[in-house]
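input_12.txt follows (compact mmCIF, C-alpha atoms):
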# COMPACT_ATOMS: atom_id res chain seq x y z
CA MET G 8 99.51 120.38 94.18
CA ASP G 9 96.44 118.22 93.68
CA TRP G 10 96.91 115.45 96.24
CA THR G 11 94.37 113.21 94.50
CA ARG G 12 96.24 113.13 91.18
CA TYR G 13 98.86 110.44 90.61
CA ARG G 14 101.40 109.66 87.92
CA PHE G 15 102.89 106.17 88.01
CA ARG G 16 105.61 104.52 85.94
CA SER G 17 106.82 100.94 86.15
CA LEU G 18 109.29 98.93 84.10
CA TRP G 19 108.93 95.18 83.89
CA ALA G 20 111.86 93.19 82.53
CA LEU G 21 110.39 89.88 81.37
CA PRO G 22 112.14 86.76 80.04
CA ALA G 23 109.82 86.26 77.05
CA PRO G 24 109.62 87.62 73.49
CA PRO G 25 107.76 90.92 73.04
CA ALA G 26 104.95 89.31 71.01
CA ARG G 27 104.13 86.89 73.86
CA VAL G 28 104.19 89.66 76.45
CA TYR G 29 101.98 91.88 74.29
CA ASP G 30 99.53 89.01 73.71
CA ALA G 31 99.24 88.43 77.47
CA LEU G 32 98.83 92.13 78.26
CA GLU G 33 96.15 92.69 75.64
CA ARG G 34 93.93 90.00 77.22
CA ALA G 35 92.78 91.98 80.25
CA GLU G 36 90.11 89.37 81.00
CA ASP G 37 92.97 86.98 81.90
CA TYR G 38 94.71 89.37 84.33
CA PRO G 39 93.09 87.81 87.43
CA ARG G 40 94.75 84.49 86.47
CA TRP G 41 98.25 85.88 86.93
CA TRP G 42 97.82 89.18 88.82
CA ARG G 43 96.16 88.51 92.16
CA GLN G 44 95.45 92.20 92.83
CA VAL G 45 93.26 92.38 89.73
CA ARG G 46 90.25 90.79 91.37
CA GLU G 47 87.72 90.99 88.55
CA VAL G 48 87.48 91.92 84.88
CA ASN G 49 84.00 91.92 83.34
CA GLN G 50 83.83 92.65 79.64
CA VAL G 51 81.06 95.01 78.60
CA ASP G 52 81.85 94.87 74.88
CA ALA G 53 84.88 94.33 72.63
CA ALA G 54 86.55 97.58 73.74
CA THR G 55 85.22 98.12 77.29
CA GLY G 56 85.34 96.33 80.61
CA VAL G 57 84.74 96.93 84.31
CA ILE G 58 87.80 96.16 86.45
CA ARG G 59 88.07 95.77 90.21
CA VAL G 60 91.51 95.91 91.86
CA ARG G 61 92.69 95.60 95.44
CA SER G 62 96.26 95.59 96.64
CA LEU G 63 97.56 95.44 100.21
CA LEU G 64 95.32 98.15 101.67
CA PRO G 65 91.74 97.15 102.51
CA TYR G 66 89.90 99.02 99.75
CA ASP G 67 88.80 98.15 96.23
CA LEU G 68 88.98 100.45 93.24
CA THR G 69 86.45 99.80 90.49
CA PHE G 70 86.63 101.52 87.14
CA THR G 71 85.48 101.18 83.56
CA ALA G 72 88.35 100.73 81.13
CA ARG G 73 87.80 101.69 77.50
CA GLU G 74 90.35 100.80 74.85
CA VAL G 75 91.91 103.88 73.27
CA ARG G 76 94.78 102.32 71.35
CA ARG G 77 95.74 98.77 70.45
CA ASP G 78 98.78 98.75 68.18
CA ALA G 79 100.66 95.45 68.11
CA ALA G 80 103.24 96.75 65.62
CA ALA G 81 104.19 99.59 68.01
CA GLY G 82 103.70 97.40 71.10
CA VAL G 83 101.21 99.86 72.61
CA LEU G 84 98.03 99.22 74.59
CA GLU G 85 96.23 102.23 76.06
CA ILE G 86 92.99 102.63 77.99
CA ALA G 87 90.89 105.48 79.38
CA MET G 88 89.51 104.91 82.88
CA THR G 89 86.41 106.27 84.63
CA GLY G 90 84.96 105.41 88.02
CA ASP G 91 86.80 105.33 91.35
CA ILE G 92 89.74 106.62 89.30
CA ASP G 93 89.66 108.72 86.12
CA GLY G 94 92.56 108.94 83.72
CA TRP G 95 94.56 106.74 81.42
CA ALA G 96 97.05 103.88 81.45
CA ARG G 97 99.43 102.65 78.76
CA TRP G 98 101.61 99.59 78.22
CA THR G 99 104.51 99.91 75.79
CA VAL G 100 106.22 96.61 75.00
CA THR G 101 109.71 96.56 73.45
CA ALA G 102 112.49 94.06 72.92
CA ALA G 103 115.28 94.12 75.49
CA GLY G 104 118.12 91.69 74.86
CA SER G 105 116.64 88.20 74.72
CA GLY G 106 113.50 89.31 76.56
CA THR G 107 111.08 92.19 76.83
CA LEU G 108 110.72 95.48 78.61
CA ALA G 109 107.10 96.35 79.40
CA ARG G 110 106.74 100.01 80.36
CA TYR G 111 103.58 100.94 82.28
CA GLU G 112 102.49 104.56 82.59
CA GLN G 113 99.38 105.79 84.35
CA VAL G 114 97.94 109.19 85.19
CA VAL G 115 94.82 109.17 87.34
CA GLN G 116 92.62 111.32 89.51
CA VAL G 117 91.16 109.53 92.53
CA ASN G 118 87.39 109.92 92.89
CA LYS G 119 86.67 107.42 95.68
CA PRO G 120 85.37 109.62 98.56
CA LEU G 121 87.31 107.95 101.38
CA LEU G 122 90.61 108.15 99.50
CA ARG G 123 89.97 111.81 98.64
CA ARG G 124 89.32 112.63 102.32
CA ILE G 125 92.63 111.13 103.47
CA ALA G 126 94.60 112.17 100.37
CA VAL G 127 97.31 114.20 102.11
CA PRO G 128 98.33 111.83 104.91
CA GLY G 129 97.59 108.75 102.79
CA ARG G 130 99.56 109.70 99.69
CA PRO G 131 102.86 107.93 100.59
CA VAL G 132 100.94 104.82 101.63
CA PHE G 133 98.85 104.84 98.43
CA ARG G 134 102.03 105.14 96.34
CA LEU G 135 103.61 102.23 98.21
CA ASN G 136 100.42 100.20 97.76
CA HIS G 137 100.61 100.79 94.00
CA ARG G 138 104.30 99.87 93.90
CA LEU G 139 103.58 96.58 95.69
CA MET G 140 100.74 95.83 93.29
CA MET G 141 102.97 96.44 90.29
CA ARG G 142 105.77 94.29 91.72
CA ALA G 143 103.32 91.42 92.23
CA GLY G 144 102.00 91.91 88.70
CA ARG G 145 105.47 91.62 87.18
CA ARG G 146 106.16 88.45 89.13
CA GLY G 147 102.77 87.00 88.23
CA LEU G 148 103.16 87.74 84.53
CA ALA G 149 106.69 86.29 84.45
CA ALA G 150 105.42 83.05 86.04
CA TYR G 151 102.40 82.96 83.73
CA LEU G 152 104.56 83.40 80.63
CA GLU G 153 106.86 80.64 81.82
CA ALA G 154 103.91 78.26 82.38
CA VAL G 155 102.21 78.80 79.01

This entry written out as C-alpha cells:
Amino acid sequence: MDWTRYRFRSLWALPAPPARVYDALERAEDYPRWWRQVREVNQVDAATGVIRVRSLLPYDLTFTAREVRRDAAAGVLEIAMTGDIDGWARWTVTAAGSGTLARYEQVVQVNKPLLRRIAVPGRPVFRLNHRLMMRAGRRGLAAYLEAV
C-alpha cells in the first residue's frame, strides 16, 4: 500500500437547485468566502489557479488546479492538481428531491515532504482532517446559498 496516496469521497445534500449549486462550485475564486479552509485562490488564467488550503492541522497544502472538464449539462467539474498534492478532483452535481446532491471525489498523492515522512502514523489523522474540512465546506456552501 502506498501510504501517501488517498482516495476521498464526500456527499453534500444541499437545499438549493442543482444549477445554483453548480454555479457556486464552478467559481473557485469565491471558495474562500464560504469555505474557511480554502485560504486562498489566485487565478493564473481562465482555466488555472493556485489554491492554498488548511484545515484543523497546522499545515498548508498549496497546489495548482487546472480545469479538465466543465460540463454544466452533466453537472460535472473536474480539475487536475499539481504541487503539494498531485492528482484530480471532481464535483458531480445532481438533483435530489427538492435540492441537490453534490458528490466530491478526489484521488491524490501527497508530495509535501513532512507529510510524506509521517505518512504511516499520520494517515488516520490526515483522513479525519480532510473529513472535517469537507464537513465545514458543506455547511459553508449551504449558508452561502441561503444568503445569496

- Item | For Leu21 in chain G, the nearest of the candidates G:Arg124, G:Met140, G:Gly104, G:Trp41, counting all atoms listed in the file | G:Gly104

- Quick one: pull the distance between CA of Gly82 in chain G and CA of Glu36 in chain G, Å, one decimal. 18.6 Å

What lies within 8 Å of range 86-93 of chain G using all atoms listed in the file, ignoring chain neighbours under 2 positions off, as a PDB file with C-alpha atoms, in the frame of the given file?
ATOM      1  CA  LEU G  68      88.980 100.450  93.240  1.00  0.00           C
ATOM      2  CA  THR G  69      86.450  99.800  90.490  1.00  0.00           C
ATOM      3  CA  PHE G  70      86.630 101.520  87.140  1.00  0.00           C
ATOM      4  CA  THR G  71      85.480 101.180  83.560  1.00  0.00           C
ATOM      5  CA  ALA G  72      88.350 100.730  81.130  1.00  0.00           C
ATOM      6  CA  ARG G  73      87.800 101.690  77.500  1.00  0.00           C
ATOM      7  CA  GLU G  74      90.350 100.800  74.850  1.00  0.00           C
ATOM      8  CA  VAL G  75      91.910 103.880  73.270  1.00  0.00           C
ATOM      9  CA  ARG G  76      94.780 102.320  71.350  1.00  0.00           C
ATOM     10  CA  LEU G  84      98.030  99.220  74.590  1.00  0.00           C
ATOM     11  CA  TRP G  95      94.560 106.740  81.420  1.00  0.00           C
ATOM     12  CA  ALA G  96      97.050 103.880  81.450  1.00  0.00           C
ATOM     13  CA  ARG G  97      99.430 102.650  78.760  1.00  0.00           C
ATOM     14  CA  VAL G 115      94.820 109.170  87.340  1.00  0.00           C
ATOM     15  CA  GLN G 116      92.620 111.320  89.510  1.00  0.00           C
ATOM     16  CA  VAL G 117      91.160 109.530  92.530  1.00  0.00           C
ATOM     17  CA  ASN G 118      87.390 109.920  92.890  1.00  0.00           C
ATOM     18  CA  LYS G 119      86.670 107.420  95.680  1.00  0.00           C
TER      19      LYS G 119
END

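If all atoms listed in the file are the atoms counted, then among G:Thr101, G:Arg146, G:Val45, G:Leu64 the closest residue to Arg134 in chain G is G:Leu64.
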
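For the set G:Tyr66, G:Ile125, G:Arg145, G:Gln44, the residue with the smallest atom-to-atom gap to Arg110 in chain G is G:Arg145, counting all atoms listed in the file.
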
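Across G:His137, G:Thr11, G:Pro25, G:Ala20, the tightest approach to Val83 in chain G is made by G:Pro25 when counting all atoms listed in the file.
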
- Message: Please list as a ChimeraX atom specification every residue within 8 Å of Arg27 in chain G, counting all atoms listed in the file and excluding residues in the same chain fewer than 4 positions away.
- Response: /G:23,31,152
